[in-house]
Structure formats: structure tokens, C-alpha cells
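**Student:** Input structure: query_0.pdb, which contains PDB, C-alpha atoms, pLDDT in the B column.
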ATOM      1  CA  MET M 257      20.502  -4.353  15.665  1.00 48.00           C
ATOM      2  CA  GLU M 258      22.391  -4.351  12.359  1.00 54.00           C
ATOM      3  CA  GLU M 259      20.561  -3.733   9.076  1.00 51.00           C
ATOM      4  CA  ASN M 260      20.983  -7.338   7.860  1.00 54.00           C
ATOM      5  CA  ASP M 261      19.512  -8.615  11.128  1.00 54.00           C
ATOM      6  CA  ARG M 262      16.567  -6.230  10.675  1.00 57.00           C
ATOM      7  CA  MET M 263      15.929  -7.479   7.145  1.00 64.00           C
ATOM      8  CA  GLU M 264      15.952 -11.098   8.299  1.00 76.00           C
ATOM      9  CA  ASP M 265      13.499 -10.198  11.073  1.00 92.00           C
ATOM     10  CA  PHE M 266      11.163  -8.444   8.594  1.00 97.00           C
ATOM     11  CA  SER M 267       7.986 -10.283   7.578  1.00 98.00           C
ATOM     12  CA  ILE M 268       4.896  -9.434   5.562  1.00 98.00           C
ATOM     13  CA  ARG M 269       1.575 -10.886   6.693  1.00 98.00           C
ATOM     14  CA  GLN M 270      -2.007 -10.330   5.624  1.00 98.00           C
ATOM     15  CA  VAL M 271      -4.111  -8.166   7.937  1.00 98.00           C
ATOM     16  CA  THR M 272      -6.579 -10.228   9.966  1.00 98.00           C
ATOM     17  CA  ASP M 273      -9.362  -9.385  12.390  1.00 98.00           C
ATOM     18  CA  ARG M 274      -6.800  -9.624  15.191  1.00 98.00           C
ATOM     19  CA  THR M 275      -4.228  -7.339  13.510  1.00 98.00           C
ATOM     20  CA  PHE M 276      -6.752  -4.835  12.120  1.00 98.00           C
ATOM     21  CA  PRO M 277      -6.144  -2.327  14.992  1.00 98.00           C
ATOM     22  CA  GLU M 278      -2.425  -2.235  14.083  1.00 98.00           C
ATOM     23  CA  PHE M 279      -3.369  -1.580  10.471  1.00 98.00           C
ATOM     24  CA  LEU M 280      -5.640   1.317  11.533  1.00 98.00           C
ATOM     25  CA  HIS M 281      -2.839   2.801  13.638  1.00 98.00           C
ATOM     26  CA  LEU M 282      -0.513   2.786  10.620  1.00 98.00           C
ATOM     27  CA  LEU M 283      -3.252   4.177   8.366  1.00 98.00           C
ATOM     28  CA  GLU M 284      -3.649   7.097  10.782  1.00 98.00           C
ATOM     29  CA  ALA M 285       0.115   7.676  10.613  1.00 98.00           C
ATOM     30  CA  LEU M 286      -0.115   7.720   6.799  1.00 97.00           C
ATOM     31  CA  ALA M 287      -2.958  10.262   6.954  1.00 97.00           C
ATOM     32  CA  CYS M 288      -0.794  12.477   9.168  1.00 96.00           C
ATOM     33  CA  TYR M 289       2.170  12.146   6.768  1.00 94.00           C
ATOM     34  CA  GLU M 290      -0.017  13.052   3.769  1.00 93.00           C
ATOM     35  CA  HIS M 291      -1.757  15.921   5.633  1.00 93.00           C
ATOM     36  CA  LEU M 292      -5.156  14.208   5.318  1.00 94.00           C
ATOM     37  CA  ASN M 293      -7.937  13.503   7.778  1.00 95.00           C
ATOM     38  CA  PRO M 294      -7.864   9.889   8.985  1.00 96.00           C
ATOM     39  CA  PRO M 295     -10.877   7.628   8.412  1.00 97.00           C
ATOM     40  CA  ASP M 296     -13.838   8.434  10.662  1.00 97.00           C
ATOM     41  CA  ASP M 297     -15.678   5.753  12.652  1.00 97.00           C
ATOM     42  CA  ALA M 298     -18.026   4.850   9.786  1.00 98.00           C
ATOM     43  CA  ALA M 299     -15.104   4.532   7.358  1.00 98.00           C
ATOM     44  CA  ARG M 300     -13.184   2.386   9.857  1.00 97.00           C
ATOM     45  CA  SER M 301     -16.149   0.035  10.047  1.00 98.00           C
ATOM     46  CA  ARG M 302     -16.355  -0.189   6.248  1.00 98.00           C
ATOM     47  CA  LEU M 303     -12.596  -0.716   5.990  1.00 98.00           C
ATOM     48  CA  LYS M 304     -12.836  -3.679   8.311  1.00 98.00           C
ATOM     49  CA  SER M 305     -15.868  -5.300   6.693  1.00 98.00           C
ATOM     50  CA  ASP M 306     -14.549  -4.690   3.147  1.00 98.00           C
ATOM     51  CA  LEU M 307     -11.193  -6.238   4.078  1.00 98.00           C
ATOM     52  CA  LEU M 308     -12.562  -9.287   5.877  1.00 97.00           C
ATOM     53  CA  GLN M 309     -15.387 -10.238   3.488  1.00 97.00           C
ATOM     54  CA  ASP M 310     -14.964 -13.065   0.985  1.00 96.00           C
ATOM     55  CA  PRO M 311     -13.818 -12.009  -1.510  1.00 96.00           C
ATOM     56  CA  PRO M 312     -12.322  -8.824  -0.025  1.00 97.00           C
ATOM     57  CA  LYS M 313     -12.808  -5.493  -1.798  1.00 98.00           C
ATOM     58  CA  TYR M 314      -9.136  -4.740  -1.104  1.00 98.00           C
ATOM     59  CA  GLU M 315      -6.181  -6.531   0.457  1.00 98.00           C
ATOM     60  CA  ALA M 316      -3.915  -5.251   3.214  1.00 98.00           C
ATOM     61  CA  TYR M 317      -0.603  -6.586   4.499  1.00 98.00           C
ATOM     62  CA  LEU M 318       1.486  -5.512   7.469  1.00 98.00           C
ATOM     63  CA  GLY M 319       5.249  -5.267   7.342  1.00 98.00           C
ATOM     64  CA  ARG M 320       6.616  -6.341  10.711  1.00 98.00           C
ATOM     65  CA  LEU M 321       9.989  -6.136  12.389  1.00 97.00           C
ATOM     66  CA  GLY M 322       9.683  -8.931  14.884  1.00 95.00           C
ATOM     67  CA  ASP M 323       6.398  -8.265  16.669  1.00 94.00           C
ATOM     68  CA  VAL M 324       6.142  -4.591  15.683  1.00 97.00           C
ATOM     69  CA  ALA M 325       4.020  -3.466  12.720  1.00 98.00           C
ATOM     70  CA  VAL M 326       6.187  -0.819  11.007  1.00 98.00           C
ATOM     71  CA  GLY M 327       4.499  -0.487   7.620  1.00 98.00           C
ATOM     72  CA  PHE M 328       1.740  -1.691   5.346  1.00 98.00           C
ATOM     73  CA  VAL M 329       0.504  -1.999   1.787  1.00 98.00           C
ATOM     74  CA  THR M 330      -3.035  -2.013   0.437  1.00 98.00           C
ATOM     75  CA  PHE M 331      -4.059  -2.967  -3.066  1.00 98.00           C
ATOM     76  CA  PHE M 332      -6.915  -4.096  -5.261  1.00 98.00           C
ATOM     77  CA  PHE M 333      -7.408  -5.092  -8.892  1.00 98.00           C
ATOM     78  CA  THR M 334      -8.845  -3.327 -11.894  1.00 97.00           C
ATOM     79  CA  TYR M 335      -8.876  -4.670 -15.437  1.00 97.00           C
ATOM     80  CA  SER M 336      -7.123  -3.653 -18.641  1.00 96.00           C
ATOM     81  CA  THR M 337      -9.272  -4.341 -21.680  1.00 97.00           C
ATOM     82  CA  PHE M 338      -6.299  -3.652 -23.949  1.00 95.00           C
ATOM     83  CA  LEU M 339      -4.078  -6.204 -22.236  1.00 96.00           C
ATOM     84  CA  ALA M 340      -6.974  -8.502 -21.338  1.00 97.00           C
ATOM     85  CA  ARG M 341      -5.398  -8.958 -17.910  1.00 97.00           C
ATOM     86  CA  PRO M 342      -5.980  -7.643 -14.415  1.00 97.00           C
ATOM     87  CA  THR M 343      -4.133  -4.518 -13.300  1.00 97.00           C
ATOM     88  CA  PHE M 344      -2.609  -4.546  -9.823  1.00 97.00           C
ATOM     89  CA  TYR M 345      -3.481  -1.181  -8.256  1.00 97.00           C
ATOM     90  CA  LEU M 346      -1.261  -0.229  -5.334  1.00 97.00           C
ATOM     91  CA  GLU M 347      -3.379   2.058  -3.164  1.00 97.00           C
ATOM     92  CA  ASP M 348      -1.042   2.643  -0.203  1.00 97.00           C
ATOM     93  CA  LEU M 349       2.515   1.811   0.758  1.00 97.00           C
ATOM     94  CA  PHE M 350       3.725   3.255   4.046  1.00 97.00           C
ATOM     95  CA  VAL M 351       6.579   2.783   6.520  1.00 97.00           C
ATOM     96  CA  LEU M 352       6.785   4.615   9.833  1.00 97.00           C
ATOM     97  CA  GLU M 353       9.330   7.436   9.726  1.00 95.00           C
ATOM     98  CA  GLN M 354      11.736   5.915  12.237  1.00 96.00           C
ATOM     99  CA  TYR M 355      12.036   2.767  10.089  1.00 97.00           C
ATOM    100  CA  ARG M 356      12.567   4.460   6.704  1.00 94.00           C
ATOM    101  CA  GLY M 357      15.856   4.239   4.844  1.00 93.00           C
ATOM    102  CA  GLN M 358      16.427   0.595   5.809  1.00 94.00           C
ATOM    103  CA  GLY M 359      14.983  -1.058   2.703  1.00 95.00           C
ATOM    104  CA  LEU M 360      11.679  -2.020   4.324  1.00 96.00           C
ATOM    105  CA  GLY M 361       9.582   0.028   1.890  1.00 95.00           C
ATOM    106  CA  GLY M 362      11.456  -1.639  -0.953  1.00 95.00           C
ATOM    107  CA  ARG M 363      10.622  -5.037   0.493  1.00 97.00           C
ATOM    108  CA  LEU M 364       6.929  -4.100   0.668  1.00 97.00           C
ATOM    109  CA  PHE M 365       7.058  -2.836  -2.925  1.00 96.00           C
ATOM    110  CA  ASP M 366       8.795  -6.022  -4.109  1.00 97.00           C
ATOM    111  CA  PHE M 367       6.090  -8.034  -2.335  1.00 98.00           C
ATOM    112  CA  CYS M 368       3.495  -6.168  -4.425  1.00 98.00           C
ATOM    113  CA  ARG M 369       5.436  -6.734  -7.650  1.00 97.00           C
ATOM    114  CA  ASN M 370       5.610 -10.428  -6.880  1.00 97.00           C
ATOM    115  CA  GLU M 371       1.870 -10.605  -6.118  1.00 98.00           C
ATOM    116  CA  ALA M 372       1.168  -8.898  -9.457  1.00 97.00           C
ATOM    117  CA  ARG M 373       3.281 -11.535 -11.236  1.00 97.00           C
ATOM    118  CA  ILE M 374       1.695 -14.439  -9.346  1.00 98.00           C
ATOM    119  CA  ARG M 375      -1.793 -13.154 -10.186  1.00 98.00           C
ATOM    120  CA  GLU M 376      -0.839 -12.729 -13.855  1.00 97.00           C
ATOM    121  CA  CYS M 377      -1.423  -8.993 -13.955  1.00 97.00           C
ATOM    122  CA  GLY M 378      -0.535  -7.123 -17.115  1.00 96.00           C
ATOM    123  CA  ARG M 379       0.683  -4.085 -15.198  1.00 96.00           C
ATOM    124  CA  MET M 380       0.929  -2.399 -11.834  1.00 96.00           C
ATOM    125  CA  ASP M 381      -0.359   1.145 -11.296  1.00 95.00           C
ATOM    126  CA  TRP M 382      -0.235   3.630  -8.429  1.00 94.00           C
ATOM    127  CA  MET M 383      -0.218   7.363  -7.759  1.00 93.00           C
ATOM    128  CA  VAL M 384       2.196   9.474  -5.774  1.00 91.00           C
ATOM    129  CA  LEU M 385       1.680  12.966  -4.418  1.00 90.00           C
ATOM    130  CA  THR M 386       3.631  15.585  -6.381  1.00 90.00           C
ATOM    131  CA  TRP M 387       5.471  16.787  -3.260  1.00 90.00           C
ATOM    132  CA  ASN M 388       6.612  13.311  -2.181  1.00 89.00           C
ATOM    133  CA  GLU M 389      10.112  13.516  -3.692  1.00 91.00           C
ATOM    134  CA  PRO M 390      11.599  10.545  -1.786  1.00 89.00           C
ATOM    135  CA  SER M 391       8.913   8.252  -3.228  1.00 90.00           C
ATOM    136  CA  ILE M 392       9.192   9.750  -6.713  1.00 91.00           C
ATOM    137  CA  GLN M 393      12.956   9.206  -6.690  1.00 92.00           C
ATOM    138  CA  PHE M 394      12.530   5.610  -5.501  1.00 90.00           C
ATOM    139  CA  TYR M 395       9.943   4.777  -8.163  1.00 92.00           C
ATOM    140  CA  GLU M 396      11.946   6.330 -10.986  1.00 92.00           C
ATOM    141  CA  LYS M 397      15.140   4.615  -9.771  1.00 91.00           C
ATOM    142  CA  ILE M 398      13.495   1.189 -10.129  1.00 90.00           C
ATOM    143  CA  GLY M 399      12.306   1.949 -13.652  1.00 91.00           C
ATOM    144  CA  ALA M 400       8.748   3.169 -13.120  1.00 92.00           C
ATOM    145  CA  ALA M 401       7.509   5.623 -15.739  1.00 90.00           C
ATOM    146  CA  ARG M 402       5.506   8.738 -14.984  1.00 89.00           C
ATOM    147  CA  LEU M 403       2.463   8.596 -17.249  1.00 90.00           C
ATOM    148  CA  GLU M 404       1.129  11.359 -19.458  1.00 87.00           C
ATOM    149  CA  TRP M 405      -2.343  11.137 -17.928  1.00 86.00           C
ATOM    150  CA  TYR M 406      -4.321  13.513 -15.744  1.00 82.00           C
ATOM    151  CA  THR M 407      -6.017  12.082 -12.696  1.00 84.00           C
ATOM    152  CA  TYR M 408      -9.604  13.206 -12.141  1.00 87.00           C
ATOM    153  CA  ARG M 409     -11.935  12.495  -9.264  1.00 82.00           C
ATOM    154  CA  LEU M 410     -15.604  12.841  -8.425  1.00 83.00           C
ATOM    155  CA  GLU M 411     -16.622  12.570  -4.798  1.00 88.00           C
ATOM    156  CA  GLY M 412     -19.274  13.690  -2.375  1.00 88.00           C
ATOM    157  CA  ASP M 413     -22.305  15.383  -3.900  1.00 92.00           C
ATOM    158  CA  CYS M 414     -20.710  15.382  -7.384  1.00 87.00           C
ATOM    159  CA  LEU M 415     -20.669  11.593  -7.421  1.00 90.00           C
TER     160      LEU M 415
END
So that I can check it, write out the structure of this file as C-alpha cells.
**Tutor:**
Amino acid sequence: MEENDRMEDFSIRQVTDRTFPEFLHLLEALACYEHLNPPDDAARSRLKSDLLQDPPKYEAYLGRLGDVAVGFVTFFFTYSTFLARPTFYLEDLFVLEQYRGQGLGGRLFDFCRNEARIRECGRMDWMVLTWNEPSIQFYEKIGAARLEWYTYRLEGDCL
């Protein structure tokens, strides 16, 4: 199949109860790529209930080539008091290795940018691992700026 045919066959659809297992499969692939442990059974249960409640705590969309889920994005919203607008926070963007380099990740990213515009966000934020050079190069190529901020985290017993 030629690249143009692939792009025409690419769709982005919100994760539903029926497609949640495909989402979990891709999330496990992302965990492997990032050298992290995948969600355990309790986390999987929370992921599903948090996604399917009204309103959802986060949103998830599958990128599909025909009937095959090849990637996904997850996001949620925070708020900028200085802009007095919501901030679109991109939590995950992932495409299976065998489908990379075909513009599918770019399509998922553009989908997120468009959602941020539609929802009148003042900005879009995300993080990238320091070793993920392909992603860093992509983000900087499209005009994203690396911020002068340190990221801190509390978790587990420290929380």
C-alpha cells in the first residue's frame, strides 16, 4: 500500500468500552518502549472507569489504519491563571514501531492541536523523555519550545 493510500485510510476515533482492550494493548507497547512497567490490574480498572465516566478524567483516541489500531493519544486539561484559559496537556502520543515514519504520529499530534484550538485552550503542554531524540527533533521542527522549567514529582508514600 502506498503512503498516500495509508494516510487516506488513517482515522482517529475516541476510545470506547468496545475498543478499550486495543487501547490497553497499545499502552503496554508504550510502556515497553519507554522501559516502564505497564499498568497493573488495579490501574487498568481505574483507567477504564476514569475514561468512560461523564465527564472523563482524561480522553483517549485511537489512530487506526483501516481496522488496525496503530497508535493513540491521551490528554486532559489543566488551567492557566495567567492566560485565563484551559491548557491542553498531552499525556501520551504513541505509534507502533512498524508504522512510524509514515506521518501517522504527525496526524495524531495535529489532531491534538486542533482539539486545543476548538476547546479554546491558551496553550498545549507535554513532556518528552530526554533520550527520545526522534520525538525531540519532531517537536522542535514544528516550532515547539523547550521550557526553562524543572519537572518535579511526588508519588507513593511521599504524596
**Student:** Can you list, as a PyMOL selection string, every protein, DNA or RNA residue that comes within 12 Å of Leu360 of chain M when you count all atoms listed in the file, leaving out same-chain residues fewer than 6 positions away?
**Tutor:** chain M and resi 259-260+262-268+318-321+325-329+349-354+366-367
**Student:** Between atom CA of Trp382 of chain M and atom CA of Arg402 of chain M, measure the distance and give it in Å to one decimal.
**Tutor:**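 If I compute the distance from atom CA of Trp382 of chain M to atom CA of Arg402 of chain M, I get 10.1 Å.
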**Student:** Contacts of Tyr314 of chain M at 7 Å or less, counting only C-alpha atoms, minus same-chain residues fewer than 4 places along, as a count of residues only?
**Tutor:** 5
**Student:** Could you state the separation of atom CA of Phe276 of chain M and atom CA of Leu303 of chain M in Å, given to one decimal place?
**Tutor:**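 If I compute the distance from atom CA of Phe276 of chain M to atom CA of Leu303 of chain M, I get 9.4 Å.
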**Student:** Atom CA of Asp273 of chain M and atom CA of Gln358 of chain M, how far apart in Å?
**Tutor:**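 One can read the atom CA of Gln358 of chain M to atom CA of Asp273 of chain M distance as 28.4 Å.
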**Student:** Counting only C-alpha atoms, which residue out of M:Tyr395, M:Pro390, M:Gly412, M:Gln270 sits closest to Pro312 of chain M?
**Tutor:**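 Closest to Pro312 of chain M, using only C-alpha atoms: M:Gln270.
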**Student:** Applying 10 Å and only C-alpha atoms, which residues near Leu385 of chain M remain after dropping the ones on its own chain fewer than 5 positions away? List them as an NGL selection string.
**Tutor:** :M and (290 or 391-392)
**Student:** Pull out every residue that the PyMOL selection byres ((chain M and resi 368) around 10) matches in the shown coordinates and put them as JSON, numbers by chain.
**Tutor:** {"M": [317, 329, 330, 331, 344, 345, 346, 349, 362, 363, 364, 365, 366, 367, 369, 370, 371, 372, 373, 374, 380]}
**Student:** Please produce a file of those selected residues containing C-alpha atoms, as a PDB file, in the frame of the given file.
**Tutor:**
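Written file, part.pdb:
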ATOM      1  CA  TYR M 317      -0.603  -6.586   4.499  1.00 98.00           C
ATOM      2  CA  VAL M 329       0.504  -1.999   1.787  1.00 98.00           C
ATOM      3  CA  THR M 330      -3.035  -2.013   0.437  1.00 98.00           C
ATOM      4  CA  PHE M 331      -4.059  -2.967  -3.066  1.00 98.00           C
ATOM      5  CA  PHE M 344      -2.609  -4.546  -9.823  1.00 97.00           C
ATOM      6  CA  TYR M 345      -3.481  -1.181  -8.256  1.00 97.00           C
ATOM      7  CA  LEU M 346      -1.261  -0.229  -5.334  1.00 97.00           C
ATOM      8  CA  LEU M 349       2.515   1.811   0.758  1.00 97.00           C
ATOM      9  CA  GLY M 362      11.456  -1.639  -0.953  1.00 95.00           C
ATOM     10  CA  ARG M 363      10.622  -5.037   0.493  1.00 97.00           C
ATOM     11  CA  LEU M 364       6.929  -4.100   0.668  1.00 97.00           C
ATOM     12  CA  PHE M 365       7.058  -2.836  -2.925  1.00 96.00           C
ATOM     13  CA  ASP M 366       8.795  -6.022  -4.109  1.00 97.00           C
ATOM     14  CA  PHE M 367       6.090  -8.034  -2.335  1.00 98.00           C
ATOM     15  CA  ARG M 369       5.436  -6.734  -7.650  1.00 97.00           C
ATOM     16  CA  ASN M 370       5.610 -10.428  -6.880  1.00 97.00           C
ATOM     17  CA  GLU M 371       1.870 -10.605  -6.118  1.00 98.00           C
ATOM     18  CA  ALA M 372       1.168  -8.898  -9.457  1.00 97.00           C
ATOM     19  CA  ARG M 373       3.281 -11.535 -11.236  1.00 97.00           C
ATOM     20  CA  ILE M 374       1.695 -14.439  -9.346  1.00 98.00           C
ATOM     21  CA  MET M 380       0.929  -2.399 -11.834  1.00 96.00           C
TER      22      MET M 380
END
**Student:** Kindly add N, CA and C atoms to the incomplete segment 298-324 of chain M and provide the output as an mmCIF file, in the coordinates of the input.
**Tutor:**
data_model
loop_
_atom_site.group_PDB
_atom_site.id
_atom_site.type_symbol
_atom_site.label_atom_id
_atom_site.label_comp_id
_atom_site.auth_asym_id
_atom_site.auth_seq_id
_atom_site.Cartn_x
_atom_site.Cartn_y
_atom_site.Cartn_z
ATOM 1 N N ALA M 298 -17.275 5.587 10.807
ATOM 2 C CA ALA M 298 -18.026 4.850 9.786
ATOM 3 C C ALA M 298 -17.085 4.261 8.737
ATOM 4 N N ALA M 299 -16.080 5.025 8.334
ATOM 5 C CA ALA M 299 -15.104 4.532 7.358
ATOM 6 C C ALA M 299 -14.290 3.381 7.945
ATOM 7 N N ARG M 300 -13.927 3.479 9.206
ATOM 8 C CA ARG M 300 -13.184 2.386 9.857
ATOM 9 C C ARG M 300 -13.997 1.088 9.820
ATOM 10 N N SER M 301 -15.272 1.208 10.075
ATOM 11 C CA SER M 301 -16.149 0.035 10.047
ATOM 12 C C SER M 301 -16.216 -0.564 8.646
ATOM 13 N N ARG M 302 -16.335 0.300 7.635
ATOM 14 C CA ARG M 302 -16.355 -0.189 6.248
ATOM 15 C C ARG M 302 -15.017 -0.800 5.867
ATOM 16 N N LEU M 303 -13.932 -0.167 6.281
ATOM 17 C CA LEU M 303 -12.596 -0.716 5.990
ATOM 18 C C LEU M 303 -12.471 -2.144 6.500
ATOM 19 N N LYS M 304 -12.944 -2.345 7.715
ATOM 20 C CA LYS M 304 -12.836 -3.679 8.311
ATOM 21 C C LYS M 304 -13.716 -4.684 7.579
ATOM 22 N N SER M 305 -14.977 -4.334 7.344
ATOM 23 C CA SER M 305 -15.868 -5.300 6.693
ATOM 24 C C SER M 305 -15.443 -5.555 5.241
ATOM 25 N N ASP M 306 -14.993 -4.517 4.538
ATOM 26 C CA ASP M 306 -14.549 -4.690 3.147
ATOM 27 C C ASP M 306 -13.291 -5.549 3.053
ATOM 28 N N LEU M 307 -12.434 -5.455 4.053
ATOM 29 C CA LEU M 307 -11.193 -6.238 4.078
ATOM 30 C C LEU M 307 -11.443 -7.698 4.423
ATOM 31 N N LEU M 308 -12.381 -7.937 5.341
ATOM 32 C CA LEU M 308 -12.562 -9.287 5.877
ATOM 33 C C LEU M 308 -13.650 -10.085 5.162
ATOM 34 N N GLN M 309 -14.364 -9.474 4.218
ATOM 35 C CA GLN M 309 -15.387 -10.238 3.488
ATOM 36 C C GLN M 309 -14.721 -11.169 2.475
ATOM 37 N N ASP M 310 -15.498 -12.108 1.953
ATOM 38 C CA ASP M 310 -14.964 -13.065 0.985
ATOM 39 C C ASP M 310 -15.766 -12.982 -0.309
ATOM 40 N N PRO M 311 -15.195 -12.486 -1.389
ATOM 41 C CA PRO M 311 -13.818 -12.009 -1.510
ATOM 42 C C PRO M 311 -13.696 -10.577 -0.974
ATOM 43 N N PRO M 312 -12.503 -10.186 -0.552
ATOM 44 C CA PRO M 312 -12.322 -8.824 -0.025
ATOM 45 C C PRO M 312 -12.369 -7.788 -1.146
ATOM 46 N N LYS M 313 -12.809 -6.580 -0.810
ATOM 47 C CA LYS M 313 -12.808 -5.493 -1.798
ATOM 48 C C LYS M 313 -11.399 -4.950 -2.005
ATOM 49 N N TYR M 314 -10.540 -5.121 -1.011
ATOM 50 C CA TYR M 314 -9.136 -4.740 -1.104
ATOM 51 C C TYR M 314 -8.350 -5.672 -0.202
ATOM 52 N N GLU M 315 -7.044 -5.713 -0.388
ATOM 53 C CA GLU M 315 -6.181 -6.531 0.457
ATOM 54 C C GLU M 315 -5.211 -5.626 1.193
ATOM 55 N N ALA M 316 -4.856 -6.021 2.400
ATOM 56 C CA ALA M 316 -3.915 -5.251 3.214
ATOM 57 C C ALA M 316 -2.934 -6.204 3.879
ATOM 58 N N TYR M 317 -1.678 -5.787 3.906
ATOM 59 C CA TYR M 317 -0.603 -6.586 4.499
ATOM 60 C C TYR M 317 0.243 -5.691 5.384
ATOM 61 N N LEU M 318 0.618 -6.230 6.541
ATOM 62 C CA LEU M 318 1.486 -5.512 7.469
ATOM 63 C C LEU M 318 2.925 -5.952 7.272
ATOM 64 N N GLY M 319 3.821 -4.985 7.283
ATOM 65 C CA GLY M 319 5.249 -5.267 7.342
ATOM 66 C C GLY M 319 5.655 -5.197 8.799
ATOM 67 N N ARG M 320 6.281 -6.262 9.293
ATOM 68 C CA ARG M 320 6.616 -6.341 10.711
ATOM 69 C C ARG M 320 8.114 -6.538 10.904
ATOM 70 N N LEU M 321 8.651 -5.850 11.884
ATOM 71 C CA LEU M 321 9.989 -6.136 12.389
ATOM 72 C C LEU M 321 9.781 -6.846 13.705
ATOM 73 N N GLY M 322 10.016 -8.146 13.703
ATOM 74 C CA GLY M 322 9.683 -8.931 14.884
ATOM 75 C C GLY M 322 8.195 -8.855 15.123
ATOM 76 N N ASP M 323 7.816 -8.373 16.307
ATOM 77 C CA ASP M 323 6.398 -8.265 16.669
ATOM 78 C C ASP M 323 5.802 -6.890 16.388
ATOM 79 N N VAL M 324 6.591 -5.971 15.848
ATOM 80 C CA VAL M 324 6.142 -4.591 15.683
ATOM 81 C C VAL M 324 5.732 -4.323 14.233
#
